[in-house]
$ cat input_14.pdb   # PDB, C-alpha atoms
ATOM      1  CA  MET A  20     -19.116 -15.329  -4.448
ATOM      2  CA  THR A  21     -21.467 -12.712  -2.978
ATOM      3  CA  ALA A  22     -22.006  -9.056  -3.603
ATOM      4  CA  LEU A  23     -23.143  -6.380  -1.171
ATOM      5  CA  SER A  24     -25.947  -4.304  -2.661
ATOM      6  CA  PRO A  25     -25.886  -0.489  -2.441
ATOM      7  CA  GLU A  26     -29.092  -0.659  -0.363
ATOM      8  CA  ASN A  27     -27.216  -2.370   2.465
ATOM      9  CA  CYS A  28     -24.145  -0.144   2.484
ATOM     10  CA  SER A  29     -23.257   3.532   2.447
ATOM     11  CA  PHE A  30     -20.403   2.964   0.001
ATOM     12  CA  GLN A  31     -20.016   1.231  -3.354
ATOM     13  CA  TYR A  32     -17.809  -1.821  -3.638
ATOM     14  CA  GLN A  33     -18.039  -5.474  -4.503
ATOM     15  CA  LEU A  34     -17.230  -8.362  -2.179
ATOM     16  CA  HIS A  35     -15.695 -11.720  -2.990
ATOM     17  CA  GLN A  36     -15.021 -14.454  -0.450
ATOM     18  CA  THR A  37     -12.486 -17.216  -0.334
ATOM     19  CA  ASP A  38     -12.577 -20.248   1.950
ATOM     20  CA  HIS A  39      -8.830 -20.969   2.052
ATOM     21  CA  PRO A  40      -7.075 -18.401   4.301
ATOM     22  CA  LEU A  41      -3.674 -20.050   4.126
ATOM     23  CA  ASP A  42      -3.697 -20.002   0.333
ATOM     24  CA  VAL A  43      -4.998 -16.428   0.377
ATOM     25  CA  ASN A  44      -2.226 -15.293   2.745
ATOM     26  CA  SER A  45       0.466 -16.775   0.505
ATOM     27  CA  LEU A  46      -1.159 -15.272  -2.566
ATOM     28  CA  LEU A  47      -1.432 -11.851  -0.890
ATOM     29  CA  TYR A  48       2.279 -11.937  -0.075
ATOM     30  CA  LEU A  49       3.233 -12.740  -3.682
ATOM     31  CA  ILE A  50       0.852 -10.115  -5.113
ATOM     32  CA  ILE A  51       2.090  -7.335  -2.838
ATOM     33  CA  LEU A  52       5.708  -8.336  -3.495
ATOM     34  CA  GLY A  53       5.090  -8.231  -7.250
ATOM     35  CA  LYS A  54       3.387  -4.861  -6.914
ATOM     36  CA  ILE A  55       6.360  -3.444  -5.003
ATOM     37  CA  LEU A  56       8.750  -4.663  -7.702
ATOM     38  CA  LEU A  57       6.502  -2.981 -10.295
ATOM     39  CA  ASN A  58       6.572   0.216  -8.228
ATOM     40  CA  ILE A  59      10.380   0.182  -8.134
ATOM     41  CA  LEU A  60      10.594  -0.504 -11.875
ATOM     42  CA  THR A  61       8.160   2.301 -12.732
ATOM     43  CA  LEU A  62       9.832   4.843 -10.462
ATOM     44  CA  GLY A  63      13.199   3.859 -11.926
ATOM     45  CA  MET A  64      12.020   4.306 -15.515
ATOM     46  CA  ARG A  65      10.534   7.786 -15.080
ATOM     47  CA  ARG A  66      12.315  10.955 -16.100
ATOM     48  CA  LYS A  67      14.205  12.491 -13.223
ATOM     49  CA  ASN A  68      14.169  16.121 -14.421
ATOM     50  CA  THR A  69      10.501  16.767 -13.724
ATOM     51  CA  TYR A  70       9.535  19.487 -11.266
ATOM     52  CA  GLN A  71       7.811  18.843  -7.950
ATOM     53  CA  ASN A  72       4.086  18.115  -8.091
ATOM     54  CA  PHE A  73       1.396  16.429  -6.026
ATOM     55  CA  MET A  74       1.256  13.245  -8.114
ATOM     56  CA  GLU A  75       4.976  12.570  -7.660
ATOM     57  CA  TYR A  76       4.674  12.786  -3.890
ATOM     58  CA  PHE A  77       1.551  10.635  -3.803
ATOM     59  CA  CYS A  78       3.196   7.926  -5.932
ATOM     60  CA  ILE A  79       6.098   7.763  -3.493
ATOM     61  CA  SER A  80       3.687   7.577  -0.545
ATOM     62  CA  LEU A  81       1.770   4.744  -2.255
ATOM     63  CA  ALA A  82       5.009   2.808  -2.713
ATOM     64  CA  LEU A  83       5.787   3.259   0.994
ATOM     65  CA  VAL A  84       2.312   2.093   2.052
ATOM     66  CA  ASP A  85       2.659  -1.012  -0.139
ATOM     67  CA  LEU A  86       6.042  -1.699   1.446
ATOM     68  CA  LEU A  87       4.581  -1.245   4.936
ATOM     69  CA  LEU A  88       1.775  -3.699   4.099
ATOM     70  CA  LEU A  89       4.316  -6.263   2.881
ATOM     71  CA  VAL A  90       6.380  -5.877   6.071
ATOM     72  CA  ASN A  91       3.264  -6.405   8.217
ATOM     73  CA  ILE A  92       2.260  -9.495   6.247
ATOM     74  CA  SER A  93       5.800 -10.895   6.509
ATOM     75  CA  ILE A  94       6.059 -10.332  10.282
ATOM     76  CA  ILE A  95       2.645 -11.829  11.031
ATOM     77  CA  SER A  96       3.282 -14.794   8.729
ATOM     78  CA  TYR A  97       6.632 -15.472  10.374
ATOM     79  CA  PHE A  98       5.551 -15.238  14.029
ATOM     80  CA  THR A  99       2.005 -16.554  13.357
ATOM     81  CA  ASP A 100       0.659 -15.670  16.812
ATOM     82  CA  PHE A 101       2.202 -12.969  19.028
ATOM     83  CA  ILE A 102       1.313 -10.047  21.288
ATOM     84  CA  LEU A 103       2.557  -6.512  20.642
ATOM     85  CA  LEU A 104       1.607  -3.530  22.839
ATOM     86  CA  GLY A 105      -1.131  -5.584  24.414
ATOM     87  CA  ILE A 106      -2.684  -6.553  21.069
ATOM     88  CA  ARG A 107      -2.707 -10.153  19.915
ATOM     89  CA  PHE A 108      -1.809 -10.581  16.245
ATOM     90  CA  THR A 109      -2.715 -13.716  14.281
ATOM     91  CA  LYS A 110      -2.993 -14.675  10.623
ATOM     92  CA  TYR A 111      -6.480 -13.208  10.706
ATOM     93  CA  HIS A 112      -4.882  -9.745  10.825
ATOM     94  CA  ILE A 113      -3.208 -10.318   7.452
ATOM     95  CA  CYS A 114      -6.623 -10.398   5.843
ATOM     96  CA  LEU A 115      -7.891  -7.570   8.072
ATOM     97  CA  PHE A 116      -5.046  -5.196   7.186
ATOM     98  CA  THR A 117      -5.468  -5.985   3.489
ATOM     99  CA  GLN A 118      -9.200  -5.251   3.721
ATOM    100  CA  ILE A 119      -8.556  -1.870   5.355
ATOM    101  CA  ILE A 120      -5.938  -1.026   2.730
ATOM    102  CA  SER A 121      -8.334  -2.101  -0.041
ATOM    103  CA  PHE A 122     -11.080   0.183   1.256
ATOM    104  CA  THR A 123      -8.605   3.059   1.635
ATOM    105  CA  TYR A 124      -7.189   2.609  -1.869
ATOM    106  CA  GLY A 125     -10.692   2.274  -3.288
ATOM    107  CA  PHE A 126     -11.765   5.692  -1.997
ATOM    108  CA  LEU A 127      -8.574   7.495  -3.103
ATOM    109  CA  HIS A 128      -9.120   7.604  -6.894
ATOM    110  CA  TYR A 129     -11.457  10.620  -7.050
ATOM    111  CA  PRO A 130      -9.600  12.757  -4.449
ATOM    112  CA  VAL A 131      -6.201  12.109  -6.042
ATOM    113  CA  PHE A 132      -7.532  12.881  -9.528
ATOM    114  CA  LEU A 133      -9.167  16.108  -8.338
ATOM    115  CA  ILE A 134      -6.189  17.360  -6.312
ATOM    116  CA  ALA A 135      -3.733  16.557  -9.140
ATOM    117  CA  CYS A 136      -5.957  18.465 -11.584
ATOM    118  CA  ILE A 137      -6.105  21.502  -9.268
ATOM    119  CA  ASP A 138      -2.347  21.308  -8.731
ATOM    120  CA  TYR A 139      -1.602  21.386 -12.476
ATOM    121  CA  CYS A 140      -4.037  24.244 -13.031
ATOM    122  CA  LEU A 141      -2.412  26.306 -10.279
ATOM    123  CA  ASN A 142       1.086  25.580 -11.595
ATOM    124  CA  PHE A 143       0.055  26.279 -15.201
ATOM    125  CA  PHE A 144      -1.340  29.718 -14.363
ATOM    126  CA  LYS A 145       1.490  30.465 -11.915
ATOM    127  CA  THR A 146      -0.981  30.888  -9.062
ATOM    128  CA  ASN A 147       1.315  29.041  -6.698
ATOM    129  CA  LYS A 148       4.062  31.473  -5.560
ATOM    130  CA  LEU A 149       5.629  29.244  -2.906
ATOM    131  CA  SER A 150       9.365  28.663  -2.807
ATOM    132  CA  SER A 151      10.749  25.251  -3.685
ATOM    133  CA  LYS A 152      11.222  24.246  -0.039
ATOM    134  CA  CYS A 153       7.772  25.475   1.005
ATOM    135  CA  GLN A 154       6.203  23.736  -1.995
ATOM    136  CA  LYS A 155       7.769  20.424  -0.993
ATOM    137  CA  LEU A 156       6.437  20.799   2.553
ATOM    138  CA  PHE A 157       3.024  21.764   1.188
ATOM    139  CA  TYR A 158       2.831  18.632  -0.996
ATOM    140  CA  PHE A 159       4.070  16.491   1.892
ATOM    141  CA  PHE A 160       1.310  17.717   4.233
ATOM    142  CA  ILE A 161      -1.352  17.443   1.511
ATOM    143  CA  VAL A 162      -0.394  13.803   0.889
ATOM    144  CA  ILE A 163      -0.402  13.031   4.624
ATOM    145  CA  LEU A 164      -3.760  14.786   5.006
ATOM    146  CA  ILE A 165      -5.444  12.882   2.195
ATOM    147  CA  TRP A 166      -4.208   9.524   3.539
ATOM    148  CA  ILE A 167      -5.377  10.294   7.080
ATOM    149  CA  SER A 168      -8.723  11.683   5.893
ATOM    150  CA  VAL A 169      -9.584   8.659   3.760
ATOM    151  CA  LEU A 170      -8.370   6.208   6.421
ATOM    152  CA  VAL A 171     -10.480   7.939   9.099
ATOM    153  CA  TYR A 172     -13.485   7.822   6.775
ATOM    154  CA  VAL A 173     -12.958   4.114   6.110
ATOM    155  CA  LEU A 174     -12.578   3.212   9.791
ATOM    156  CA  GLY A 175     -15.509   5.425  10.786
ATOM    157  CA  ASP A 176     -18.000   4.242   8.178
ATOM    158  CA  PRO A 177     -20.629   2.038   9.897
ATOM    159  CA  ALA A 178     -21.102  -0.276   6.902
ATOM    160  CA  ILE A 179     -17.348  -0.896   6.580
ATOM    161  CA  TYR A 180     -17.052  -1.425  10.331
ATOM    162  CA  GLN A 181     -19.828  -4.028  10.256
ATOM    163  CA  SER A 182     -18.127  -5.775   7.352
ATOM    164  CA  LEU A 183     -14.805  -5.945   9.210
ATOM    165  CA  LYS A 184     -16.577  -7.080  12.365
ATOM    166  CA  ALA A 185     -18.351  -9.843  10.441
ATOM    167  CA  GLN A 186     -14.965 -10.946   9.136
ATOM    168  CA  ASN A 187     -13.857 -11.482  12.736
ATOM    169  CA  VAL A 188     -16.806 -13.839  13.255
ATOM    170  CA  TYR A 189     -16.261 -15.760  10.013
ATOM    171  CA  SER A 190     -12.467 -15.757  10.095
ATOM    172  CA  TYR A 191     -12.261 -18.567   7.553
ATOM    173  CA  GLN A 192     -13.419 -16.138   4.884
ATOM    174  CA  CYS A 193     -11.268 -13.382   3.389
ATOM    175  CA  PRO A 194     -13.188 -10.915   1.223
ATOM    176  CA  PHE A 195     -11.518  -8.438  -1.092
ATOM    177  CA  TYR A 196     -13.042  -5.270  -2.491
ATOM    178  CA  VAL A 197     -13.336  -3.739  -5.944
ATOM    179  CA  SER A 198     -13.557   0.044  -6.082
ATOM    180  CA  ILE A 199     -16.299   1.558  -8.210
ATOM    181  CA  GLN A 200     -14.313   4.816  -8.361
ATOM    182  CA  SER A 201     -11.523   3.337 -10.466
ATOM    183  CA  TYR A 202     -14.048   1.763 -12.856
ATOM    184  CA  TRP A 203     -15.876   5.010 -13.582
ATOM    185  CA  LEU A 204     -12.670   7.018 -13.756
ATOM    186  CA  SER A 205     -11.193   4.571 -16.272
ATOM    187  CA  PHE A 206     -14.466   4.437 -18.206
ATOM    188  CA  SER A 207     -14.638   8.251 -18.428
ATOM    189  CA  MET A 208     -11.036   8.533 -19.597
ATOM    190  CA  MET A 209     -11.480   5.857 -22.267
ATOM    191  CA  LEU A 210     -14.711   7.506 -23.463
ATOM    192  CA  ILE A 211     -13.035  10.907 -23.756
ATOM    193  CA  LEU A 212     -10.076   9.355 -25.566
ATOM    194  CA  LEU A 213     -12.412   7.552 -27.985
ATOM    195  CA  VAL A 214     -14.337  10.754 -28.762
ATOM    196  CA  ALA A 215     -11.072  12.669 -29.263
ATOM    197  CA  LEU A 216      -9.734   9.935 -31.553
ATOM    198  CA  ILE A 217     -12.906   9.872 -33.656
ATOM    199  CA  THR A 218     -12.978  13.674 -33.869
ATOM    200  CA  SER A 219      -9.395  13.966 -35.143
ATOM    201  CA  TRP A 220      -9.060  10.577 -36.877
ATOM    202  CA  SER A 221      -7.983  11.958 -40.266
ATOM    203  CA  GLU A 222      -5.404  14.290 -38.689
ATOM    204  CA  VAL A 223      -4.012  11.442 -36.563
ATOM    205  CA  ILE A 224      -3.678   9.131 -39.596
ATOM    206  CA  THR A 225      -1.991  11.877 -41.635
ATOM    207  CA  LEU A 226       0.370  12.612 -38.758
ATOM    208  CA  ILE A 227       1.297   8.954 -38.268
ATOM    209  CA  GLN A 228       1.931   8.468 -41.990
ATOM    210  CA  ALA A 229       4.253  11.492 -42.054
ATOM    211  CA  ILE A 230       6.289  10.476 -39.009
ATOM    212  CA  ARG A 231       9.932   9.602 -39.589
ATOM    213  CA  ILE A 232      12.577   8.283 -37.203
ATOM    214  CA  THR A 233      16.035   9.825 -36.978
ATOM    215  CA  SER A 234      18.742  10.747 -34.490
ATOM    216  CA  TYR A 235      19.238  14.294 -33.267
ATOM    217  CA  LYS A 236      21.707  15.361 -30.567
ATOM    218  CA  ASN A 237      22.376  11.719 -29.643
ATOM    219  CA  GLU A 238      18.683  11.047 -29.074
ATOM    220  CA  THR A 239      16.262   8.993 -31.133
ATOM    221  CA  ILE A 240      13.383  11.197 -32.220
ATOM    222  CA  LEU A 241      10.191  10.999 -34.226
ATOM    223  CA  TYR A 242       9.582  13.898 -36.596
ATOM    224  CA  PHE A 243       7.085  14.876 -39.240
ATOM    225  CA  PRO A 244       7.487  17.559 -41.898
ATOM    226  CA  PHE A 245       4.948  20.320 -42.378
ATOM    227  CA  SER A 246       4.771  23.299 -44.685
ATOM    228  CA  SER A 247       5.628  26.712 -43.306
ATOM    229  CA  HIS A 248       2.668  28.070 -45.275
ATOM    230  CA  SER A 249       0.169  25.528 -43.976
ATOM    231  CA  GLY A 250      -1.242  27.909 -41.425
ATOM    232  CA  TYR A 251       0.081  25.802 -38.575
ATOM    233  CA  THR A 252      -0.492  27.468 -35.214
ATOM    234  CA  VAL A 253      -0.376  26.296 -31.664
ATOM    235  CA  ASN A 254      -3.806  27.826 -31.172
ATOM    236  CA  SER A 255      -5.471  25.294 -33.466
ATOM    237  CA  LYS A 256      -7.121  22.902 -31.017
ATOM    238  CA  LYS A 257      -7.832  20.263 -33.648
ATOM    239  CA  ILE A 258      -4.216  20.130 -34.838
ATOM    240  CA  LEU A 259      -2.984  20.144 -31.268
ATOM    241  CA  LEU A 260      -5.404  17.349 -30.329
ATOM    242  CA  SER A 261      -3.994  15.008 -32.973
ATOM    243  CA  LYS A 262      -0.446  15.604 -31.706
ATOM    244  CA  LEU A 263      -1.516  15.000 -28.112
ATOM    245  CA  ILE A 264      -3.202  11.736 -29.092
ATOM    246  CA  VAL A 265      -0.120  10.513 -30.968
ATOM    247  CA  CYS A 266       2.157  11.336 -28.028
ATOM    248  CA  PHE A 267      -0.218   9.828 -25.469
ATOM    249  CA  LEU A 268      -0.870   6.591 -27.374
ATOM    250  CA  GLY A 269       2.782   6.354 -28.391
ATOM    251  CA  THR A 270       3.601   5.872 -24.714
ATOM    252  CA  TRP A 271       0.454   4.424 -23.135
ATOM    253  CA  LEU A 272      -1.148   2.327 -25.916
ATOM    254  CA  PRO A 273      -0.610  -1.035 -24.107
ATOM    255  CA  PHE A 274      -2.123   0.425 -20.953
ATOM    256  CA  VAL A 275      -5.073   1.856 -22.911
ATOM    257  CA  LEU A 276      -5.749  -1.575 -24.443
ATOM    258  CA  LEU A 277      -5.572  -3.115 -20.967
ATOM    259  CA  GLN A 278      -8.136  -0.631 -19.661
ATOM    260  CA  VAL A 279     -10.437  -1.368 -22.604
ATOM    261  CA  VAL A 280     -10.268  -5.113 -21.883
ATOM    262  CA  ILE A 281     -10.983  -4.532 -18.182
ATOM    263  CA  ILE A 282     -14.004  -2.372 -18.994
ATOM    264  CA  LEU A 283     -15.462  -4.551 -21.757
ATOM    265  CA  PHE A 284     -15.132  -7.817 -19.853
ATOM    266  CA  LYS A 285     -15.898  -6.230 -16.466
ATOM    267  CA  VAL A 286     -12.756  -7.681 -14.925
ATOM    268  CA  GLN A 287     -12.911  -7.311 -11.148
ATOM    269  CA  ILE A 288      -9.551  -6.368  -9.686
ATOM    270  CA  PRO A 289      -9.053  -5.949  -5.917
ATOM    271  CA  ALA A 290      -8.560  -2.329  -4.890
ATOM    272  CA  TYR A 291      -5.175  -3.028  -3.281
ATOM    273  CA  ILE A 292      -3.920  -4.115  -6.719
ATOM    274  CA  GLU A 293      -5.795  -1.604  -8.857
ATOM    275  CA  MET A 294      -4.356   1.441  -7.106
ATOM    276  CA  ASN A 295      -0.782   1.270  -8.412
ATOM    277  CA  ILE A 296       1.930   3.623  -9.640
ATOM    278  CA  PRO A 297       1.647   2.838 -13.395
ATOM    279  CA  TRP A 298      -2.082   3.626 -13.182
ATOM    280  CA  LEU A 299      -1.346   6.928 -11.413
ATOM    281  CA  TYR A 300       1.220   7.958 -14.036
ATOM    282  CA  PHE A 301      -1.286   7.027 -16.755
ATOM    283  CA  VAL A 302      -3.863   9.314 -15.138
ATOM    284  CA  ASN A 303      -1.142  11.945 -14.739
ATOM    285  CA  SER A 304      -0.367  11.955 -18.484
ATOM    286  CA  PHE A 305      -4.073  12.176 -19.301
ATOM    287  CA  LEU A 306      -4.452  15.193 -16.990
ATOM    288  CA  ILE A 307      -1.467  16.993 -18.499
ATOM    289  CA  ALA A 308      -2.796  16.451 -22.026
ATOM    290  CA  ALA A 309      -6.201  17.796 -20.970
ATOM    291  CA  ILE A 310      -4.621  20.892 -19.379
ATOM    292  CA  TYR A 311      -2.621  21.545 -22.559
ATOM    293  CA  TRP A 312      -5.629  21.176 -24.828
ATOM    294  CA  PHE A 313      -7.971  23.374 -22.793
ATOM    295  CA  ASN A 314      -5.292  26.092 -22.590
ATOM    296  CA  CYS A 315      -3.756  25.757 -26.052
ATOM    297  CA  HIS A 316      -4.189  29.490 -26.729
ATOM    298  CA  LYS A 317      -1.881  30.196 -23.749
ATOM    299  CA  LEU A 318       0.949  27.888 -24.755
ATOM    300  CA  TYR A 319       3.547  30.590 -25.371
ATOM    301  CA  LEU A 320       6.645  28.589 -24.631
ATOM    302  CA  ARG A 321       8.916  31.519 -23.927
ATOM    303  CA  GLU A 322       6.595  32.879 -21.262
ATOM    304  CA  ILE A 323       5.287  29.781 -19.519
ATOM    305  CA  THR A 324       6.795  26.697 -17.950
ATOM    306  CA  LEU A 325       4.879  23.662 -19.147
ATOM    307  CA  PRO A 326       4.151  20.746 -16.801
ATOM    308  CA  LYS A 327       6.681  17.980 -17.412
ATOM    309  CA  ASP A 328       5.528  14.395 -17.657
ATOM    310  CA  PRO A 329       7.751  11.619 -16.225
ATOM    311  CA  PHE A 330       6.971   9.427 -19.257
ATOM    312  CA  VAL A 331       5.709  11.612 -22.142
ATOM    313  CA  ASN A 332       7.659  14.582 -23.506
ATOM    314  CA  TRP A 333       4.667  16.782 -24.339
ATOM    315  CA  LYS A 334       6.750  19.900 -24.876
ATOM    316  CA  CYS A 335       8.025  18.677 -28.224
ATOM    317  CA  CYS A 336       4.467  18.639 -29.528
ATOM    318  CA  PHE A 337       4.413  22.396 -29.515
ATOM    319  CA  ILE A 338       7.846  23.474 -30.714
ATOM    320  CA  PRO A 339       8.298  24.118 -34.451
ATOM    321  CA  LEU A 340      12.027  23.690 -35.050
ATOM    322  CA  THR A 341      14.202  24.372 -38.066
ATOM    323  CA  ILE A 342      17.108  21.938 -38.312
ATOM    324  CA  ASN A 343      19.413  22.660 -41.215
ATOM    325  CA  ASN A 344      21.415  19.436 -41.357
ATOM    326  CA  LEU A 345      18.781  16.795 -40.686
ATOM    327  CA  GLU A 346      18.823  14.415 -43.653
ATOM    328  CA  GLN A 347      18.730  17.427 -46.008
ATOM    329  CA  ILE A 348      15.237  18.468 -44.874
ATOM    330  CA  GLU A 349      14.548  21.919 -46.251
ATOM    331  CA  LYS A 350      11.135  22.517 -44.683
ATOM    332  CA  PRO A 351      10.633  23.214 -40.962
ATOM    333  CA  ILE A 352       9.756  20.196 -38.896
ATOM    334  CA  SER A 353       8.025  19.652 -35.597
ATOM    335  CA  ILE A 354       9.628  17.172 -33.250
ATOM    336  CA  ILE A 355       7.639  14.678 -31.211
ATOM    337  CA  ILE A 356       9.427  12.491 -28.690
ATOM    338  CA  CYS A 357       7.169   9.797 -27.183
TER     339      CYS A 357
END

$ encode --input "input_14.pdb" --output "structure tokens"
Amino acid sequence: MTALSPENCSFQYQLHQTDHPLDVNSLLYLIILGKILLNILTLGMRRKNTYQNFMEYFCISLALVDLLLLVNISIISYFTDFILLGIRFTKYHICLFTQIISFTYGFLHYPVFLIACIDYCLNFFKTNKLSSKCQKLFYFFIVILIWISVLVYVLGDPAIYQSLKAQNVYSYQCPFYVSIQSYWLSFSMMLILLVALITSWSEVITLIQAIRITSYKNETILYFPFSSHSGYTVNSKKILLSKLIVCFLGTWLPFVLLQVVIILFKVQIPAYIEMNIPWLYFVNSFLIAAIYWFNCHKLYLREITLPKDPFVNWKCCFIPLTINNLEQIEKPISIIIC
């Protein structure tokens, strides 16, 4: 196992080599197939009533790219050695295509995070006045643009080109790449979550202890009672933070624990695996929670349409409801559905 130092490259990644191309090709096929099944499962489990946004379109595009990679691997593995449009394809190209995809995925984390954040900010403040059809076309072209831009950067980077060229010389080796972007993005998110949890620990514990489970309008809900004279307001950032943490961890706790293990033990995951739809939806929920918290003083529900999460129902964190016939509860309650 070797690693390319930052002094020898213009990008940051780690390189691992394997001396068994046939085993690697079979393993790549199984990994990509498993990832596609995970993509289908995740897209099937999401809420369907969410409005159009950049992250939704990018997740669909990622699923299509994974499918295209699997089709290429399958065709090359089946025909082994063939010529198409004057280009000879061999099993070497399976590794080559996977390397290019790995580099492309590895450089997408920061741009996707930034564009999704800008998109939610624009939607939150109603800056975007486009019609539904124009908005769909806008997201479509943005997604296409970001894919083309990153792919052109990857293919045009001299250090990456030299690495791919060296792979042609030593075709018995198949390196895979670990993106430094995903590591620092995950590390930053876990650090922010840890600070938020420590800051509002007592409120989170109190909230969890007060939570009850019941059924309301044919839906299982979690609720907690609070006093109408407790001075509860949406504008209280500390109270809101505890509710956001409970909702976020109520849905993504297993994924948070997985990220902690990856960071603590420095687990090196190839970029073509690490960039996946569950990870993107995890980042999406984190972004929505951050937008809510930073703009808690503007959360007037009758005047603003809140961003809807495919997995976490954040809206119920902010709605004080009075339900008269709910297990003889006399005080108002706030509903949280996670």

$ atom_distance --input "input_14.pdb" --atom1 "atom CA of Phe195 of chain A" --atom2 "atom CA of Gln118 of chain A"
6.2 Å

$ closest_residue --input "input_14.pdb" --among "A:Ile50, A:Met74, A:Trp166, A:Pro177" --to "Ser304 of chain A" --atoms "only C-alpha atoms"
A:Met74

$ residues_around --input "input_14.pdb" --residues "segment 213-221 of chain A" --least-positions-apart "3" --cutoff "8 Å" --atoms "all atoms listed in the file" --output "VMD selection string"
chain A and resid 209 to 210 224 to 225 257 260 to 261 264

$ resolve_selection --input "input_14.pdb" --expression "the PyMOL selection byres ((chain A and resi 305-309) around 9)" --output "ChimeraX atom specification"
/A:132,135-136,139,208,260,263-264,267,300-304,310-314,326-328,333

$ resolve_selection --input "input_14.pdb" --expression "the PyMOL selection byres ((chain A and resi 99) around 8)" --output "short mmCIF file (atom, residue, chain, number, x, y, z; two decimals) with C-alpha atoms, in the frame of the given file"
data_model
loop_
_atom_site.label_atom_id
_atom_site.label_comp_id
_atom_site.auth_asym_id
_atom_site.auth_seq_id
_atom_site.Cartn_x
_atom_site.Cartn_y
_atom_site.Cartn_z
CA ILE A 95 2.64 -11.83 11.03
CA SER A 96 3.28 -14.79 8.73
CA TYR A 97 6.63 -15.47 10.37
CA PHE A 98 5.55 -15.24 14.03
CA ASP A 100 0.66 -15.67 16.81
CA PHE A 101 2.20 -12.97 19.03
CA PHE A 108 -1.81 -10.58 16.24
CA THR A 109 -2.72 -13.72 14.28
CA LYS A 110 -2.99 -14.68 10.62
#

$ closest_residue --input "input_14.pdb" --among "A:Pro289, A:Lys256, A:Gln71, A:Leu204" --to "Ser150 of chain A" --atoms "only C-alpha atoms"
A:Gln71

$ atom_distance --input "input_14.pdb" --atom1 "atom CA of Leu46 of chain A" --atom2 "atom CA of Trp203 of chain A"
27.4 Å

$ closest_residue --input "input_14.pdb" --among "A:Leu87, A:Met294, A:Val331, A:Ile94" --to "Ser198 of chain A" --atoms "all atoms listed in the file"
A:Met294

$ resolve_selection --input "input_14.pdb" --expression "the PyMOL selection byres ((chain A and resi 124) around 9)" --output "list in words"
Ile119, Ile120, Ser121, Phe122, Thr123, Gly125, Phe126, Leu127, His128, Val169, Ser198, Ala290, Tyr291, Ile292, Glu293 and Met294 of chain A

$ closest_residue --input "input_14.pdb" --among "A:Ile227, A:Leu183, A:Leu156, A:Leu277" --to "Tyr111 of chain A" --atoms "all atoms listed in the file"
A:Leu183

$ atom_distance --input "input_14.pdb" --atom1 "atom CA of Gln228 of chain A" --atom2 "atom CA of Phe330 of chain A"
23.3 Å

$ decode --input "input_14.pdb" --residues "segment 158-167 of chain A" --atoms "N, CA, C and O atoms" --output "CSV table (one decimal), in the first residue's frame"
chain,number,residue,atom,x,y,z
A,158,TYR,N,-32.5,23.5,-12.2
A,158,TYR,CA,-31.8,22.5,-11.4
A,158,TYR,C,-31.1,21.5,-12.3
A,158,TYR,O,-30.0,21.0,-12.0
A,159,PHE,N,-31.8,21.1,-13.4
A,159,PHE,CA,-31.3,20.2,-14.3
A,159,PHE,C,-30.0,20.7,-14.9
A,159,PHE,O,-29.0,19.9,-15.0
A,160,PHE,N,-29.9,21.9,-15.4
A,160,PHE,CA,-28.7,22.5,-16.0
A,160,PHE,C,-27.6,22.7,-14.9
A,160,PHE,O,-26.4,22.5,-15.3
A,161,ILE,N,-28.0,23.0,-13.7
A,161,ILE,CA,-27.0,23.2,-12.7
A,161,ILE,C,-26.3,21.8,-12.4
A,161,ILE,O,-25.1,21.8,-12.2
A,162,VAL,N,-27.1,20.8,-12.3
A,162,VAL,CA,-26.6,19.4,-12.0
A,162,VAL,C,-25.7,19.0,-13.2
A,162,VAL,O,-24.5,18.5,-13.0
A,163,ILE,N,-26.1,19.2,-14.4
A,163,ILE,CA,-25.3,18.9,-15.6
A,163,ILE,C,-24.0,19.7,-15.6
A,163,ILE,O,-22.9,19.1,-15.8
A,164,LEU,N,-24.1,20.9,-15.2
A,164,LEU,CA,-22.9,21.8,-15.2
A,164,LEU,C,-21.9,21.4,-14.2
A,164,LEU,O,-20.7,21.4,-14.5
A,165,ILE,N,-22.3,21.0,-13.0
A,165,ILE,CA,-21.4,20.6,-11.9
A,165,ILE,C,-20.7,19.3,-12.3
A,165,ILE,O,-19.5,19.2,-12.0
A,166,TRP,N,-21.4,18.4,-12.9
A,166,TRP,CA,-20.8,17.1,-13.3
A,166,TRP,C,-19.8,17.3,-14.4
A,166,TRP,O,-18.6,16.8,-14.3
A,167,ILE,N,-20.1,18.1,-15.4
A,167,ILE,CA,-19.2,18.4,-16.5
A,167,ILE,C,-18.0,19.2,-16.0
A,167,ILE,O,-16.8,18.9,-16.4
